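run_39.pdb follows; it contains PDB, C-alpha atoms.
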ATOM      1  CA  MET A   1     173.260  96.978 -45.294  1.00  0.00           C
ATOM      2  CA  GLU A   2     169.603  97.568 -46.065  1.00  0.00           C
ATOM      3  CA  ILE A   3     166.899  95.903 -43.993  1.00  0.00           C
ATOM      4  CA  ASN A   4     165.678  93.597 -46.796  1.00  0.00           C
ATOM      5  CA  GLN A   5     169.154  92.780 -48.105  1.00  0.00           C
ATOM      6  CA  LYS A   6     170.441  89.216 -47.724  1.00  0.00           C
ATOM      7  CA  ILE A   7     173.383  88.486 -45.409  1.00  0.00           C
ATOM      8  CA  LYS A   8     176.375  87.425 -47.519  1.00  0.00           C
ATOM      9  CA  VAL A   9     178.062  84.399 -45.927  1.00  0.00           C
ATOM     10  CA  ALA A  10     181.246  82.542 -46.846  1.00  0.00           C
ATOM     11  CA  VAL A  11     182.203  79.157 -45.395  1.00  0.00           C
ATOM     12  CA  ALA A  12     185.802  77.919 -45.177  1.00  0.00           C
ATOM     13  CA  ASP A  13     186.521  74.511 -43.667  1.00  0.00           C
ATOM     14  CA  PHE A  14     189.032  71.750 -44.425  1.00  0.00           C
ATOM     15  CA  ASP A  15     186.344  69.107 -43.888  1.00  0.00           C
ATOM     16  CA  LYS A  16     184.661  69.178 -47.298  1.00  0.00           C
ATOM     17  CA  ASP A  17     181.591  67.232 -46.167  1.00  0.00           C
ATOM     18  CA  PHE A  18     181.009  69.589 -43.230  1.00  0.00           C
ATOM     19  CA  ALA A  19     181.543  72.751 -45.299  1.00  0.00           C
ATOM     20  CA  ASP A  20     179.354  71.595 -48.163  1.00  0.00           C
ATOM     21  CA  GLY A  21     176.629  70.462 -45.760  1.00  0.00           C
ATOM     22  CA  LEU A  22     176.694  73.796 -43.930  1.00  0.00           C
ATOM     23  CA  CYS A  23     176.523  75.698 -47.221  1.00  0.00           C
ATOM     24  CA  LEU A  24     173.583  73.556 -48.347  1.00  0.00           C
ATOM     25  CA  TYR A  25     171.788  74.218 -45.049  1.00  0.00           C
ATOM     26  CA  LEU A  26     172.453  77.977 -45.146  1.00  0.00           C
ATOM     27  CA  ARG A  27     171.198  78.226 -48.740  1.00  0.00           C
ATOM     28  CA  GLN A  28     167.755  77.138 -47.528  1.00  0.00           C
ATOM     29  CA  SER A  29     167.312  80.479 -45.761  1.00  0.00           C
ATOM     30  CA  ALA A  30     165.700  83.293 -47.703  1.00  0.00           C
ATOM     31  CA  LYS A  31     167.771  85.782 -45.663  1.00  0.00           C
ATOM     32  CA  ILE A  32     171.216  84.317 -46.469  1.00  0.00           C
ATOM     33  CA  ASP A  33     173.248  84.428 -49.674  1.00  0.00           C
ATOM     34  CA  VAL A  34     176.147  81.934 -49.579  1.00  0.00           C
ATOM     35  CA  VAL A  35     178.828  83.646 -51.676  1.00  0.00           C
ATOM     36  CA  GLY A  36     181.307  80.771 -51.427  1.00  0.00           C
ATOM     37  CA  CYS A  37     182.265  77.492 -49.843  1.00  0.00           C
ATOM     38  CA  VAL A  38     186.005  76.713 -49.844  1.00  0.00           C
ATOM     39  CA  HIS A  39     188.310  74.121 -48.329  1.00  0.00           C
ATOM     40  CA  ASP A  40     191.777  75.637 -47.931  1.00  0.00           C
ATOM     41  CA  GLY A  41     193.500  78.853 -46.890  1.00  0.00           C
ATOM     42  CA  LEU A  42     194.455  79.947 -50.394  1.00  0.00           C
ATOM     43  CA  GLU A  43     190.869  79.622 -51.562  1.00  0.00           C
ATOM     44  CA  VAL A  44     189.523  81.643 -48.619  1.00  0.00           C
ATOM     45  CA  ALA A  45     191.925  84.527 -49.324  1.00  0.00           C
ATOM     46  CA  SER A  46     190.723  84.676 -52.927  1.00  0.00           C
ATOM     47  CA  LEU A  47     187.075  84.330 -51.895  1.00  0.00           C
ATOM     48  CA  ILE A  48     187.282  87.274 -49.476  1.00  0.00           C
ATOM     49  CA  LYS A  49     189.246  89.401 -51.945  1.00  0.00           C
ATOM     50  CA  ASN A  50     186.783  88.846 -54.792  1.00  0.00           C
ATOM     51  CA  ASN A  51     183.449  88.943 -52.937  1.00  0.00           C
ATOM     52  CA  ASP A  52     181.567  91.232 -50.609  1.00  0.00           C
ATOM     53  CA  VAL A  53     181.245  89.067 -47.466  1.00  0.00           C
ATOM     54  CA  ASP A  54     179.310  90.031 -44.323  1.00  0.00           C
ATOM     55  CA  VAL A  55     180.041  86.846 -42.315  1.00  0.00           C
ATOM     56  CA  LEU A  56     182.882  84.325 -42.614  1.00  0.00           C
ATOM     57  CA  VAL A  57     182.469  80.928 -40.933  1.00  0.00           C
ATOM     58  CA  MET A  58     186.008  79.539 -40.872  1.00  0.00           C
ATOM     59  CA  ASP A  59     187.918  76.553 -39.523  1.00  0.00           C
ATOM     60  CA  LEU A  60     190.524  77.796 -37.022  1.00  0.00           C
ATOM     61  CA  VAL A  61     193.125  75.392 -38.437  1.00  0.00           C
ATOM     62  CA  LEU A  62     192.830  75.788 -42.185  1.00  0.00           C
ATOM     63  CA  PRO A  63     195.801  74.577 -44.238  1.00  0.00           C
ATOM     64  CA  THR A  64     196.841  76.145 -47.504  1.00  0.00           C
ATOM     65  CA  HIS A  65     196.985  72.705 -49.173  1.00  0.00           C
ATOM     66  CA  ARG A  66     195.094  69.524 -48.339  1.00  0.00           C
ATOM     67  CA  ARG A  67     198.253  67.448 -48.012  1.00  0.00           C
ATOM     68  CA  ASN A  68     199.669  69.721 -45.257  1.00  0.00           C
ATOM     69  CA  ARG A  69     197.074  68.835 -42.630  1.00  0.00           C
ATOM     70  CA  SER A  70     197.842  65.837 -40.473  1.00  0.00           C
ATOM     71  CA  SER A  71     194.988  63.703 -39.159  1.00  0.00           C
TER      72      SER A  71
END
Let me see the structure of the file written as structure tokens.
Amino acid sequence: MEINQKIKVAVADFDKDFADGLCLYLRQSAKIDVVGCVHDGLEVASLIKNNDVDVLVMDLVLPTHRRNRSS
């Protein structure tokens, strides 16, 4: 990675409000490029496969479908 190149970040979290808020916050930085913000395990696999990601911020318990996670 070049010195002036942006850090490519992906966010994956089941809590949509948290993930979207974090993505919004990170997008305010001139040094960060948010390449994706997803909410389930299937989406994160596709996101990583299809994008060049430097940093992944991910929920440790990330279901593959919303209905599978118990509250």
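Considering all atoms listed in the file, the residue among A:Ala12, A:Val55, A:Leu24, A:Ile7 positioned nearest to Cys37 of chain A is A:Ala12.
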The PyMOL selection byres ((chain A and resi 63) around 6) - which residues does that actually catch in the file I just gave you? List them as a VMD selection string. chain A and resid 40 to 41 62 64 to 65
Applying the PyMOL selection byres ((chain A and resi 13) around 8) to the file I just gave you, which residues come out? Please list them as number ranges by chain. A: 11-12, 14-16, 18-19, 38-40, 58-59, 62
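Using only C-alpha atoms, the shortest contact distance between Asn51 of chain A and any of A:Gly21, A:Asn4, A:Val9, A:Ala30 is found at A:Val9.
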Calculated over only C-alpha atoms, which of the candidates A:Val57, A:Asn50, A:Ala10, A:Asp17 has the smallest distance to Asp33 of chain A? A:Ala10
Take atom CA of Cys23 of chain A and atom CA of Glu43 of chain A and report the distance between them in Å, one decimal.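 Between atom CA of Cys23 of chain A and atom CA of Glu43 of chain A the gap is 15.5 Å.
We find atom CA of Leu42 of chain A and atom CA of Val61 of chain A to be spaced 12.9 Å apart.
You will find atom CA of Lys8 of chain A at 9.2 Å from atom CA of Gly36 of chain A.
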Is there a way to complete segment 36-59 of chain A with N, CA, C and O atoms and then write that out as a PDB file, in the frame of the given file?
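Output saved as result.pdb:
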ATOM      1  N   GLY A  36     180.246  81.726 -51.137  1.00  0.00           N
ATOM      2  CA  GLY A  36     181.307  80.771 -51.427  1.00  0.00           C
ATOM      3  C   GLY A  36     181.477  79.742 -50.334  1.00  0.00           C
ATOM      4  O   GLY A  36     181.141  79.987 -49.174  1.00  0.00           O
ATOM      5  N   CYS A  37     181.992  78.597 -50.754  1.00  0.00           N
ATOM      6  CA  CYS A  37     182.265  77.492 -49.843  1.00  0.00           C
ATOM      7  C   CYS A  37     183.605  76.905 -50.272  1.00  0.00           C
ATOM      8  O   CYS A  37     183.699  76.305 -51.345  1.00  0.00           O
ATOM      9  N   VAL A  38     184.651  77.119 -49.465  1.00  0.00           N
ATOM     10  CA  VAL A  38     186.005  76.713 -49.844  1.00  0.00           C
ATOM     11  C   VAL A  38     186.611  75.799 -48.795  1.00  0.00           C
ATOM     12  O   VAL A  38     186.106  75.688 -47.671  1.00  0.00           O
ATOM     13  N   HIS A  39     187.761  75.166 -49.179  1.00  0.00           N
ATOM     14  CA  HIS A  39     188.310  74.121 -48.329  1.00  0.00           C
ATOM     15  C   HIS A  39     189.786  74.283 -47.990  1.00  0.00           C
ATOM     16  O   HIS A  39     190.371  73.397 -47.383  1.00  0.00           O
ATOM     17  N   ASP A  40     190.397  75.389 -48.372  1.00  0.00           N
ATOM     18  CA  ASP A  40     191.777  75.637 -47.931  1.00  0.00           C
ATOM     19  C   ASP A  40     192.053  77.131 -47.837  1.00  0.00           C
ATOM     20  O   ASP A  40     191.281  77.956 -48.307  1.00  0.00           O
ATOM     21  N   GLY A  41     193.169  77.462 -47.176  1.00  0.00           N
ATOM     22  CA  GLY A  41     193.500  78.853 -46.890  1.00  0.00           C
ATOM     23  C   GLY A  41     193.701  79.721 -48.120  1.00  0.00           C
ATOM     24  O   GLY A  41     193.342  80.897 -48.118  1.00  0.00           O
ATOM     25  N   LEU A  42     194.266  79.167 -49.177  1.00  0.00           N
ATOM     26  CA  LEU A  42     194.455  79.947 -50.394  1.00  0.00           C
ATOM     27  C   LEU A  42     193.116  80.306 -51.036  1.00  0.00           C
ATOM     28  O   LEU A  42     192.928  81.420 -51.530  1.00  0.00           O
ATOM     29  N   GLU A  43     192.188  79.369 -51.004  1.00  0.00           N
ATOM     30  CA  GLU A  43     190.869  79.622 -51.562  1.00  0.00           C
ATOM     31  C   GLU A  43     190.118  80.689 -50.766  1.00  0.00           C
ATOM     32  O   GLU A  43     189.417  81.509 -51.333  1.00  0.00           O
ATOM     33  N   VAL A  44     190.252  80.666 -49.430  1.00  0.00           N
ATOM     34  CA  VAL A  44     189.523  81.643 -48.619  1.00  0.00           C
ATOM     35  C   VAL A  44     190.046  83.053 -48.855  1.00  0.00           C
ATOM     36  O   VAL A  44     189.271  84.009 -48.916  1.00  0.00           O
ATOM     37  N   ALA A  45     191.363  83.202 -49.045  1.00  0.00           N
ATOM     38  CA  ALA A  45     191.925  84.527 -49.324  1.00  0.00           C
ATOM     39  C   ALA A  45     191.355  85.081 -50.623  1.00  0.00           C
ATOM     40  O   ALA A  45     190.958  86.254 -50.697  1.00  0.00           O
ATOM     41  N   SER A  46     191.275  84.259 -51.638  1.00  0.00           N
ATOM     42  CA  SER A  46     190.723  84.676 -52.927  1.00  0.00           C
ATOM     43  C   SER A  46     189.228  84.974 -52.811  1.00  0.00           C
ATOM     44  O   SER A  46     188.734  85.948 -53.383  1.00  0.00           O
ATOM     45  N   LEU A  47     188.511  84.144 -52.075  1.00  0.00           N
ATOM     46  CA  LEU A  47     187.075  84.330 -51.895  1.00  0.00           C
ATOM     47  C   LEU A  47     186.773  85.683 -51.248  1.00  0.00           C
ATOM     48  O   LEU A  47     185.907  86.426 -51.708  1.00  0.00           O
ATOM     49  N   ILE A  48     187.495  86.013 -50.187  1.00  0.00           N
ATOM     50  CA  ILE A  48     187.282  87.274 -49.476  1.00  0.00           C
ATOM     51  C   ILE A  48     187.687  88.467 -50.346  1.00  0.00           C
ATOM     52  O   ILE A  48     187.039  89.503 -50.336  1.00  0.00           O
ATOM     53  N   LYS A  49     188.759  88.311 -51.087  1.00  0.00           N
ATOM     54  CA  LYS A  49     189.246  89.401 -51.945  1.00  0.00           C
ATOM     55  C   LYS A  49     188.258  89.714 -53.075  1.00  0.00           C
ATOM     56  O   LYS A  49     188.070  90.874 -53.439  1.00  0.00           O
ATOM     57  N   ASN A  50     187.617  88.680 -53.600  1.00  0.00           N
ATOM     58  CA  ASN A  50     186.783  88.846 -54.792  1.00  0.00           C
ATOM     59  C   ASN A  50     185.289  88.947 -54.527  1.00  0.00           C
ATOM     60  O   ASN A  50     184.507  89.063 -55.468  1.00  0.00           O
ATOM     61  N   ASN A  51     184.878  88.890 -53.262  1.00  0.00           N
ATOM     62  CA  ASN A  51     183.449  88.943 -52.937  1.00  0.00           C
ATOM     63  C   ASN A  51     183.197  89.859 -51.756  1.00  0.00           C
ATOM     64  O   ASN A  51     184.051  90.025 -50.889  1.00  0.00           O
ATOM     65  N   ASP A  52     182.016  90.420 -51.732  1.00  0.00           N
ATOM     66  CA  ASP A  52     181.567  91.232 -50.609  1.00  0.00           C
ATOM     67  C   ASP A  52     180.967  90.271 -49.587  1.00  0.00           C
ATOM     68  O   ASP A  52     179.911  89.694 -49.825  1.00  0.00           O
ATOM     69  N   VAL A  53     181.662  90.047 -48.466  1.00  0.00           N
ATOM     70  CA  VAL A  53     181.245  89.067 -47.466  1.00  0.00           C
ATOM     71  C   VAL A  53     180.898  89.784 -46.164  1.00  0.00           C
ATOM     72  O   VAL A  53     181.675  90.581 -45.662  1.00  0.00           O
ATOM     73  N   ASP A  54     179.716  89.484 -45.618  1.00  0.00           N
ATOM     74  CA  ASP A  54     179.310  90.031 -44.323  1.00  0.00           C
ATOM     75  C   ASP A  54     179.778  89.142 -43.175  1.00  0.00           C
ATOM     76  O   ASP A  54     180.176  89.636 -42.127  1.00  0.00           O
ATOM     77  N   VAL A  55     179.699  87.804 -43.361  1.00  0.00           N
ATOM     78  CA  VAL A  55     180.041  86.846 -42.315  1.00  0.00           C
ATOM     79  C   VAL A  55     180.914  85.749 -42.917  1.00  0.00           C
ATOM     80  O   VAL A  55     180.586  85.203 -43.969  1.00  0.00           O
ATOM     81  N   LEU A  56     182.009  85.433 -42.223  1.00  0.00           N
ATOM     82  CA  LEU A  56     182.882  84.325 -42.614  1.00  0.00           C
ATOM     83  C   LEU A  56     182.849  83.277 -41.512  1.00  0.00           C
ATOM     84  O   LEU A  56     183.199  83.563 -40.365  1.00  0.00           O
ATOM     85  N   VAL A  57     182.421  82.065 -41.852  1.00  0.00           N
ATOM     86  CA  VAL A  57     182.469  80.928 -40.933  1.00  0.00           C
ATOM     87  C   VAL A  57     183.695  80.133 -41.358  1.00  0.00           C
ATOM     88  O   VAL A  57     183.742  79.585 -42.454  1.00  0.00           O
ATOM     89  N   MET A  58     184.717  80.082 -40.455  1.00  0.00           N
ATOM     90  CA  MET A  58     186.008  79.539 -40.872  1.00  0.00           C
ATOM     91  C   MET A  58     186.595  78.591 -39.844  1.00  0.00           C
ATOM     92  O   MET A  58     186.548  78.852 -38.642  1.00  0.00           O
ATOM     93  N   ASP A  59     187.157  77.507 -40.329  1.00  0.00           N
ATOM     94  CA  ASP A  59     187.918  76.553 -39.523  1.00  0.00           C
ATOM     95  C   ASP A  59     189.117  77.295 -38.928  1.00  0.00           C
ATOM     96  O   ASP A  59     189.805  78.032 -39.635  1.00  0.00           O
TER      97      ASP A  59
END
